[in-house]
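As stored in data.txt (compact mmCIF, C-alpha atoms and all ligand atoms):
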```txt
# COMPACT_ATOMS: atom_id res chain seq x y z
CA MET A 1 0.00 0.00 0.00
CA THR A 2 1.43 3.39 -0.94
CA GLU A 3 1.79 6.12 1.64
CA LEU A 4 -0.32 9.23 1.25
CA LEU A 5 2.37 11.24 2.99
CA GLU A 6 6.02 10.25 2.97
CA VAL A 7 8.59 12.56 4.55
CA THR A 8 12.23 11.53 4.23
CA ASP A 9 15.27 13.17 5.82
CA LEU A 10 13.60 16.58 5.99
CA ARG A 11 15.92 19.38 7.01
CA LEU A 12 15.03 23.01 7.51
CA SER A 13 17.21 25.87 8.74
CA TYR A 14 16.29 29.42 9.66
CA GLY A 15 19.68 30.99 8.96
CA LYS A 16 22.08 29.23 11.34
CA LEU A 17 19.29 27.61 13.39
CA HIS A 18 18.70 23.97 12.44
CA ALA A 19 15.00 23.54 13.25
CA LEU A 20 14.52 20.21 11.42
CA ARG A 21 17.51 17.86 11.36
CA GLY A 22 16.43 14.88 9.28
CA ALA A 23 12.79 14.18 10.15
CA ASN A 24 11.06 11.09 8.73
CA LEU A 25 7.38 10.23 8.84
CA GLN A 26 4.64 8.50 6.90
CA ALA A 27 0.85 8.50 6.89
CA ARG A 28 -1.63 6.36 5.01
CA ALA A 29 -5.16 7.21 3.92
CA GLY A 30 -7.50 6.83 6.87
CA GLU A 31 -4.77 7.29 9.49
CA VAL A 32 -4.63 9.96 12.18
CA ILE A 33 -1.06 10.80 13.16
CA GLY A 34 -0.06 12.69 16.31
CA ILE A 35 3.12 14.78 16.57
CA VAL A 36 4.24 15.59 20.13
CA GLY A 37 7.29 17.16 21.70
CA GLU A 38 8.15 20.12 23.88
CA SER A 39 8.08 23.73 22.77
CA GLY A 40 10.73 24.60 20.20
CA CYS A 41 11.36 21.03 18.98
CA GLY A 42 10.18 21.82 15.43
CA LYS A 43 6.52 20.72 15.29
CA SER A 44 5.14 23.87 13.67
CA THR A 45 8.16 24.07 11.38
CA LEU A 46 7.35 20.56 10.19
CA ALA A 47 3.64 21.39 9.80
CA SER A 48 4.40 24.51 7.73
CA ALA A 49 6.78 22.53 5.51
CA LEU A 50 4.08 19.87 4.96
CA ILE A 51 1.61 22.50 3.78
CA GLY A 52 4.26 23.90 1.44
CA LEU A 53 4.56 27.19 3.33
CA PRO A 54 7.92 27.28 5.10
CA ALA A 55 8.84 30.71 6.51
CA GLU A 56 10.40 33.14 4.04
CA GLY A 57 14.14 32.56 3.74
CA ALA A 58 14.06 29.10 5.37
CA ALA A 59 16.36 26.56 3.69
CA LEU A 60 14.54 23.28 3.08
CA SER A 61 15.97 19.96 1.85
CA GLY A 62 14.98 16.31 1.85
CA SER A 63 11.72 14.95 0.49
CA ILE A 64 7.98 15.42 1.13
CA LYS A 65 5.81 13.24 -1.10
CA ILE A 66 2.06 13.73 -1.04
CA ALA A 67 0.21 11.02 -2.97
CA GLY A 68 3.54 10.31 -4.67
CA GLN A 69 4.12 13.93 -5.75
CA GLU A 70 7.33 15.57 -4.56
CA MET A 71 6.81 18.93 -2.88
CA VAL A 72 10.29 20.04 -1.80
CA ALA A 73 11.72 20.25 -5.30
CA ALA A 74 8.44 21.44 -6.88
CA SER A 75 7.99 24.97 -8.28
CA ALA A 76 6.09 27.51 -6.17
CA ALA A 77 3.16 27.23 -8.64
CA SER A 78 2.84 23.45 -8.34
CA ARG A 79 3.21 23.65 -4.55
CA ARG A 80 0.34 26.13 -4.54
CA ALA A 81 -1.77 23.82 -6.69
CA LEU A 82 -1.03 20.87 -4.42
CA ARG A 83 -1.99 22.98 -1.41
CA GLY A 84 -5.28 23.96 -3.04
CA ASP A 85 -6.18 20.45 -4.15
CA ARG A 86 -4.73 18.07 -1.65
CA VAL A 87 -3.49 19.67 1.58
CA ALA A 88 -5.22 21.96 4.07
CA MET A 89 -4.21 23.28 7.45
CA ILE A 90 -6.02 24.18 10.66
CA PHE A 91 -4.00 26.65 12.73
CA GLN A 92 -3.78 27.22 16.49
CA ASP A 93 -4.96 30.78 15.93
CA PRO A 94 -7.92 30.51 13.53
CA MET A 95 -7.50 34.21 12.62
CA THR A 96 -4.38 33.17 10.67
CA ALA A 97 -6.62 31.55 8.06
CA PHE A 98 -8.98 34.51 7.64
CA ASN A 99 -9.07 38.10 6.48
CA PRO A 100 -10.59 40.41 9.11
CA VAL A 101 -12.15 42.79 6.55
CA LEU A 102 -14.18 40.17 4.64
CA THR A 103 -17.26 38.32 5.84
CA LEU A 104 -16.92 34.63 6.62
CA GLY A 105 -19.26 33.85 3.70
CA ASP A 106 -17.14 35.73 1.14
CA GLN A 107 -14.00 34.00 2.37
CA LEU A 108 -15.52 30.51 2.34
CA ILE A 109 -16.59 31.20 -1.26
CA ASP A 110 -13.07 32.42 -2.15
CA PHE A 111 -11.53 29.28 -0.63
CA GLN A 112 -13.42 27.30 -3.29
CA HIS A 113 -11.89 29.26 -6.19
CA ARG A 114 -10.68 26.08 -7.87
CA SER A 115 -14.18 24.62 -7.93
CA HIS A 116 -16.47 24.96 -10.96
CA LEU A 117 -19.59 25.56 -8.88
CA SER A 118 -21.53 28.82 -9.25
CA ARG A 119 -21.19 31.46 -6.52
CA LYS A 120 -24.62 30.51 -5.21
CA GLU A 121 -23.70 26.82 -5.05
CA LYS A 122 -20.41 27.65 -3.30
CA ARG A 123 -22.31 29.68 -0.72
CA ALA A 124 -24.72 26.79 -0.14
CA LYS A 125 -21.78 24.39 0.22
CA ALA A 126 -20.12 26.76 2.73
CA ARG A 127 -23.35 26.98 4.67
CA ASP A 128 -23.73 23.18 4.78
CA MET A 129 -20.12 22.78 5.90
CA LEU A 130 -20.62 25.30 8.72
CA ALA A 131 -23.69 23.37 9.80
CA SER A 132 -21.80 20.07 9.69
CA VAL A 133 -19.05 21.41 12.00
CA GLY A 134 -21.77 22.45 14.44
CA LEU A 135 -21.81 26.22 13.99
CA PRO A 136 -25.17 27.47 15.24
CA ASP A 137 -27.18 29.53 12.71
CA PRO A 138 -24.82 29.08 9.74
CA ASP A 139 -26.80 31.49 7.52
CA LEU A 140 -26.16 34.29 9.97
CA ALA A 141 -22.53 33.22 10.49
CA LEU A 142 -21.87 33.63 6.73
CA LYS A 143 -22.65 37.34 7.10
CA ARG A 144 -20.35 37.82 10.10
CA TYR A 145 -16.81 39.21 10.26
CA MET A 146 -14.31 37.13 12.24
CA HIS A 147 -14.21 39.51 15.22
CA GLU A 148 -17.95 38.94 15.61
CA LEU A 149 -17.43 35.21 16.31
CA SER A 150 -16.26 33.57 19.57
CA GLY A 151 -12.96 31.63 19.70
CA GLY A 152 -14.70 28.27 19.47
CA MET A 153 -16.84 29.44 16.52
CA ARG A 154 -13.75 30.74 14.71
CA GLN A 155 -12.00 27.42 15.16
CA ARG A 156 -15.08 25.58 13.83
CA ALA A 157 -15.14 28.01 10.88
CA SER A 158 -11.47 27.33 10.18
CA ILE A 159 -12.12 23.58 10.26
CA ALA A 160 -15.01 24.12 7.81
CA ALA A 161 -12.68 26.19 5.59
CA ALA A 162 -10.09 23.40 5.56
CA LEU A 163 -12.70 20.74 4.75
CA LEU A 164 -14.26 22.73 1.89
CA VAL A 165 -11.37 21.78 -0.39
CA SER A 166 -11.78 18.04 0.50
CA PRO A 167 -8.07 17.66 1.26
CA ASP A 168 -6.28 14.30 1.11
CA LEU A 169 -4.08 15.54 3.90
CA LEU A 170 -5.38 17.65 6.76
CA ILE A 171 -2.82 19.17 9.11
CA ALA A 172 -3.87 20.69 12.44
CA ASP A 173 -1.28 22.62 14.48
CA GLU A 174 -2.42 22.80 18.12
CA PRO A 175 -6.08 23.09 17.11
CA THR A 176 -7.36 23.20 20.70
CA THR A 177 -4.61 25.00 22.62
CA ALA A 178 -6.11 28.49 22.38
CA LEU A 179 -9.54 27.34 23.58
CA ASP A 180 -11.04 26.95 27.03
CA VAL A 181 -11.69 23.44 28.34
CA THR A 182 -15.34 23.24 27.25
CA MET A 183 -14.56 24.46 23.73
CA GLU A 184 -11.58 22.15 23.60
CA ALA A 185 -13.78 19.16 24.44
CA GLN A 186 -16.22 20.18 21.68
CA ILE A 187 -13.46 20.55 19.09
CA ILE A 188 -12.02 17.15 20.09
CA HIS A 189 -15.49 15.71 19.62
CA LEU A 190 -15.64 17.33 16.17
CA PHE A 191 -12.27 15.82 15.27
CA ARG A 192 -13.56 12.41 16.33
CA GLN A 193 -16.42 12.79 13.88
CA LEU A 194 -14.02 14.00 11.20
CA ARG A 195 -11.87 10.96 11.81
CA ALA A 196 -14.80 8.71 10.99
CA HIS A 197 -15.78 10.56 7.78
CA HIS A 198 -12.51 11.89 6.39
CA HIS A 199 -10.90 9.43 4.04
CA GLY A 200 -7.54 11.14 3.80
CA ALA A 201 -4.85 11.34 6.48
CA ILE A 202 -4.97 13.73 9.43
CA VAL A 203 -1.79 14.99 11.13
CA ILE A 204 -2.36 16.61 14.55
CA VAL A 205 0.38 18.58 16.27
CA THR A 206 -0.28 18.92 19.99
CA HIS A 207 1.15 19.35 23.49
CA HIS A 208 -1.78 17.41 24.74
CA LEU A 209 -1.28 13.69 25.35
CA GLY A 210 -5.00 13.26 26.03
CA VAL A 211 -5.80 14.51 22.49
CA VAL A 212 -3.34 12.03 21.01
CA GLY A 213 -4.76 9.18 23.08
CA GLU A 214 -8.30 10.00 22.01
CA LEU A 215 -7.76 10.71 18.34
CA CYS A 216 -4.59 9.21 16.94
CA ASP A 217 -3.56 5.84 15.55
CA ARG A 218 0.17 6.48 15.61
CA VAL A 219 2.47 8.99 17.30
CA TYR A 220 5.75 10.65 16.29
CA VAL A 221 7.74 12.05 19.20
CA MET A 222 10.00 14.95 18.20
CA TYR A 223 13.04 16.29 20.00
CA ALA A 224 15.40 19.02 18.74
CA GLY A 225 14.28 18.73 15.12
CA GLU A 226 14.33 14.94 14.89
CA VAL A 227 11.78 12.18 15.28
CA VAL A 228 13.21 10.28 18.26
CA GLU A 229 10.46 7.67 18.54
CA GLU A 230 7.46 6.49 16.53
CA GLY A 231 4.87 3.89 17.36
CA THR A 232 1.20 3.13 17.77
CA VAL A 233 -0.56 5.01 20.57
CA ASP A 234 -0.50 1.80 22.56
CA GLU A 235 3.26 1.29 22.06
CA ILE A 236 4.13 4.90 22.88
CA TYR A 237 1.88 5.08 25.96
CA HIS A 238 2.42 1.62 27.39
CA SER A 239 5.94 0.69 26.26
CA PRO A 240 7.88 3.86 25.35
CA ARG A 241 11.49 2.92 24.55
CA HIS A 242 13.30 6.25 24.01
CA PRO A 243 14.26 7.88 27.34
CA TYR A 244 12.67 11.18 26.22
CA THR A 245 9.35 9.46 25.43
CA ALA A 246 9.59 7.52 28.68
CA ALA A 247 10.04 10.80 30.58
CA LEU A 248 6.98 12.28 28.82
CA ILE A 249 4.89 9.25 29.67
CA ALA A 250 6.33 8.92 33.19
CA CYS A 251 2.95 9.60 34.74
CA ASP A 252 0.50 6.74 35.04
CA PRO A 253 -0.39 5.70 31.47
CA MET A 254 -3.82 4.57 32.65
CA HIS A 255 -4.66 8.22 33.09
CA LEU A 256 -3.51 9.45 29.70
CA GLU A 257 -7.00 9.24 28.21
CA VAL A 258 -8.28 12.07 30.41
CA THR A 259 -8.50 15.31 28.53
CA ASP A 260 -6.43 17.45 30.90
CA GLN A 261 -3.17 15.54 30.44
CA ARG A 262 -0.54 18.03 29.20
CA LEU A 263 3.07 17.24 28.44
CA PRO A 264 5.00 17.12 31.71
CA THR A 265 8.11 19.27 31.96
CA ILE A 266 11.45 17.52 32.04
CA PRO A 267 14.42 19.11 33.82
CA GLY A 268 16.93 20.84 31.51
CA ARG A 269 16.54 22.51 28.10
CA LEU A 270 16.72 21.79 24.42
CA PRO A 271 20.28 22.03 23.03
CA ASP A 272 21.34 25.16 21.13
CA LEU A 273 19.98 24.49 17.64
CA THR A 274 22.51 26.88 16.08
CA ASN A 275 25.20 24.46 17.22
CA PRO A 276 23.52 21.08 17.78
CA PRO A 277 25.62 18.31 19.34
CA ARG A 278 27.19 15.68 17.05
CA GLY A 279 25.86 12.88 19.24
CA CYS A 280 22.46 12.42 20.85
CA ALA A 281 20.66 15.78 21.28
CA PHE A 282 18.93 14.52 24.45
CA ALA A 283 22.20 13.48 26.20
CA SER A 284 22.45 16.47 28.57
CA ARG A 285 19.03 15.58 30.05
CA CYS A 286 19.01 11.80 29.72
CA VAL A 287 19.08 9.56 32.78
CA LYS A 288 20.61 6.75 30.69
CA ALA A 289 23.33 8.82 28.96
CA ALA A 290 26.72 7.09 28.60
CA ALA A 291 30.00 7.74 26.72
CA ILE A 292 28.62 6.17 23.51
CA CYS A 293 25.92 8.87 23.40
CA ALA A 294 28.52 11.39 22.14
CA GLU A 295 28.14 9.52 18.80
CA PRO A 296 25.05 10.00 16.58
CA PRO A 297 22.44 7.46 17.80
CA PRO A 298 21.16 4.73 15.46
CA ARG A 299 17.48 4.33 14.58
CA LYS A 300 16.45 0.97 16.05
CA ARG A 301 13.42 -0.88 14.73
CA LEU A 302 11.56 -2.35 17.73
CA SER A 303 8.42 -3.72 16.09
CA PRO A 304 6.83 -3.36 12.65
CA THR A 305 5.37 -0.06 13.91
CA GLN A 306 7.79 1.14 16.61
CA ALA A 307 11.29 2.60 16.17
CA ALA A 308 13.53 4.80 18.35
CA LEU A 309 16.71 6.82 17.89
CA CYS A 310 18.95 5.76 20.79
CA HIS A 311 22.18 3.85 21.53
CA ARG A 312 20.99 2.21 24.69
CA ILE A 313 17.91 0.25 23.67
CA ALA A 314 18.18 -3.52 23.53
CA GLU A 315 16.50 -4.64 20.26
N1 LIG B 1 10.22 31.98 11.29
C1 LIG B 1 11.21 31.63 12.10
N2 LIG B 1 12.42 32.25 12.05
C2 LIG B 1 13.45 31.89 12.86
N3 LIG B 1 13.38 30.89 13.76
C3 LIG B 1 12.20 30.23 13.87
C4 LIG B 1 11.06 30.57 13.05
N4 LIG B 1 10.04 29.73 13.39
C5 LIG B 1 10.52 28.93 14.38
N5 LIG B 1 11.81 29.22 14.66
C6 LIG B 1 12.69 28.51 15.63
O1 LIG B 1 12.75 27.15 15.20
C7 LIG B 1 12.68 26.25 16.32
C8 LIG B 1 11.47 25.36 16.18
O2 LIG B 1 10.30 26.16 16.30
P1 LIG B 1 8.82 25.59 16.09
O3 LIG B 1 7.91 26.75 16.13
O4 LIG B 1 8.79 24.71 14.89
O5 LIG B 1 8.65 24.69 17.40
P2 LIG B 1 7.34 24.02 18.01
O6 LIG B 1 7.71 22.61 18.32
O7 LIG B 1 6.18 24.24 17.10
O8 LIG B 1 7.13 24.82 19.37
P3 LIG B 1 5.77 25.20 20.14
O9 LIG B 1 5.36 23.94 20.84
O10 LIG B 1 6.21 26.26 21.09
O11 LIG B 1 4.77 25.66 19.14
C9 LIG B 1 12.64 27.16 17.55
O12 LIG B 1 13.98 27.31 18.02
C10 LIG B 1 12.10 28.47 17.03
O13 LIG B 1 12.56 29.56 17.80
S1 LIG B 2 21.36 7.88 22.88
FE1 LIG B 2 22.09 8.01 25.01
S2 LIG B 2 21.65 10.09 25.65
FE2 LIG B 2 20.44 9.69 23.83
S3 LIG B 2 18.47 9.00 24.56
FE3 LIG B 2 19.69 7.16 24.21
S4 LIG B 2 20.68 6.74 26.18
FE4 LIG B 2 19.91 8.84 26.29
MG MG B 3 4.33 25.21 17.35
```
Please re-express this file's structure in structure tokens.
Ligand SMILES: Nc1ncnc2c1ncn2[C@@H]1O[C@H](COP(=O)(O)OP(=O)(O)OP(=O)(O)O)[C@@H](O)[C@H]1O
Ligand code: SF4
Ligand SMILES: [Mg+2]
Amino acid sequence: MTELLEVTDLRLSYGKLHALRGANLQARAGEVIGIVGESGCGKSTLASALIGLPAEGAALSGSIKIAGQEMVAASAASRRALRGDRVAMIFQDPMTAFNPVLTLGDQLIDFQHRSHLSRKEKRAKARDMLASVGLPDPDLALKRYMHELSGGMRQRASIAAALLVSPDLLIADEPTTALDVTMEAQIIHLFRQLRAHHHGAIVIVTHHLGVVGELCDRVYVMYAGEVVEEGTVDEIYHSPRHPYTAALIACDPMHLEVTDQRLPTIPGRLPDLTNPPRGCAFASRCVKAAAICAEPPPRKRLSPTQAALCHRIAE
């Protein structure tokens, strides 16, 4: 079975800062993938590269294939086309996706510019999509400006905007972080429904282990611009093998399904990404660090679905 998303040795630098240092991941149609890791480890950088919108001036190399089509080497025009047809993003701050001086209705019509429907049909489709993401009174909402909507309504509207293009790949960067607990629970519920109906792949970036436990099939754990462990939710939560993952999951895994489970903080800090260490980037914080860890760690395959980047794991 071919992968819908295949990322190989992805590297991205902002000037001297190496934000992605050889990230690898895959997603198949129907899968929901979680990306976790502490602040600054490169999650949003990865998400923006996947949508074909790395920050201006960022140097990108490696490979991102979406439905077999290479994005990194593609021209700006074909990246734009791919973004319109196949990939959509839901941001932490839903305002990012919208223009404050246009009504929601006008923008949801504009988002469908590649469709051959009439303006009236596009408006009807936008209305139906708003209804399906649970926005109360969608006809009225179409006439609203973004500042007239609550945070939860904006995030629902941004999810509707992303779904209007029927993307193969839907990327959500911290979709619930800016919301209060009640809104967060509602958006998680909406994602659960999406999961059941969306036939493409969904990639969710989050600090929230409860969200991953509730929504994802597989998890990628990032640290200092690398994927240090990947596995099914069950493998990552119940038998984490990389010391960083183990530290994240150190609390009772039985309780990870509850919605208030945030990433715990681990003593120490990320290494300086302008001068990353040659060996393991986690060494200065790792309880298992040894002399060998000054060498670049190997990626060890632990099961058909689990792998970790560490010297000190018995295979
Ligand atoms: N546009 C940019 N220009 C320069 N440096 C950047 C830019 N965006 C991110 N960085 C740096 O790249 C590194 C990775 O940042 P990124 O935003 O991808 O992390 P993150 O995992 O999403 O963090 P958070 O959990 O806080 O959102 C950080 O050191 C950050 O300061
Ligand atoms: S390679 Fe060494 S320092 Fe890095 S995680 Fe493994 S044991 Fe810890
Ligand atoms: Mg981020």
I'd like the box whose edges run along x, y and z of the file and which contains every listed atom of region 16-34 of chain A, padded by 8 Å per side; could you state its centre and edge lengths in Å, one decimal, as AutoDock Vina command-line options?
```
--center_x 7.3 --center_y 17.8 --center_z 10.1 --size_x 45.6 --size_y 38.9 --size_z 28.4
```
Report task. Residues up to 7 Å from ligand LIG 1 (chain B), counting all atoms listed in the file: could you list those as a VMD selection string? Result -> chain A and resid 14 17 19 37 to 46 55 207 273
Can you tell me which residues surround Arg144 (chain A) at a distance of at most 12 Å, considering only C-alpha atoms, apart from same-chain residues fewer than 5 positions away, and format the answer as a PDB file with C-alpha atoms, keeping the file's coordinate frame?
```pdb
ATOM      1  CA  ASN A  99      -9.070  38.100   6.480  1.00  0.00           C
ATOM      2  CA  PRO A 100     -10.590  40.410   9.110  1.00  0.00           C
ATOM      3  CA  VAL A 101     -12.150  42.790   6.550  1.00  0.00           C
ATOM      4  CA  LEU A 102     -14.180  40.170   4.640  1.00  0.00           C
ATOM      5  CA  THR A 103     -17.260  38.320   5.840  1.00  0.00           C
ATOM      6  CA  LEU A 104     -16.920  34.630   6.620  1.00  0.00           C
ATOM      7  CA  GLY A 105     -19.260  33.850   3.700  1.00  0.00           C
ATOM      8  CA  ASP A 106     -17.140  35.730   1.140  1.00  0.00           C
ATOM      9  CA  GLN A 107     -14.000  34.000   2.370  1.00  0.00           C
ATOM     10  CA  LEU A 108     -15.520  30.510   2.340  1.00  0.00           C
ATOM     11  CA  ASP A 137     -27.180  29.530  12.710  1.00  0.00           C
ATOM     12  CA  PRO A 138     -24.820  29.080   9.740  1.00  0.00           C
ATOM     13  CA  ASP A 139     -26.800  31.490   7.520  1.00  0.00           C
ATOM     14  CA  LEU A 149     -17.430  35.210  16.310  1.00  0.00           C
ATOM     15  CA  SER A 150     -16.260  33.570  19.570  1.00  0.00           C
ATOM     16  CA  MET A 153     -16.840  29.440  16.520  1.00  0.00           C
ATOM     17  CA  ARG A 154     -13.750  30.740  14.710  1.00  0.00           C
ATOM     18  CA  ALA A 157     -15.140  28.010  10.880  1.00  0.00           C
TER      19      ALA A 157
END
```
Query raised in the report: Of the candidates A:Lys65, A:Arg299, A:His189, A:His242, which one gets nearest to ligand LIG 2 (chain B) if we count only C-alpha atoms and all ligand atoms?
Result: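 For ligand LIG 2 (chain B), the nearest of the candidates is A:His242.
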Query raised in the report: Which of these residues is nearest to ligand LIG 2 (chain B), using all atoms listed in the file: A:Arg312, A:His199, A:Arg218, A:Lys143?
Result: A:Arg312
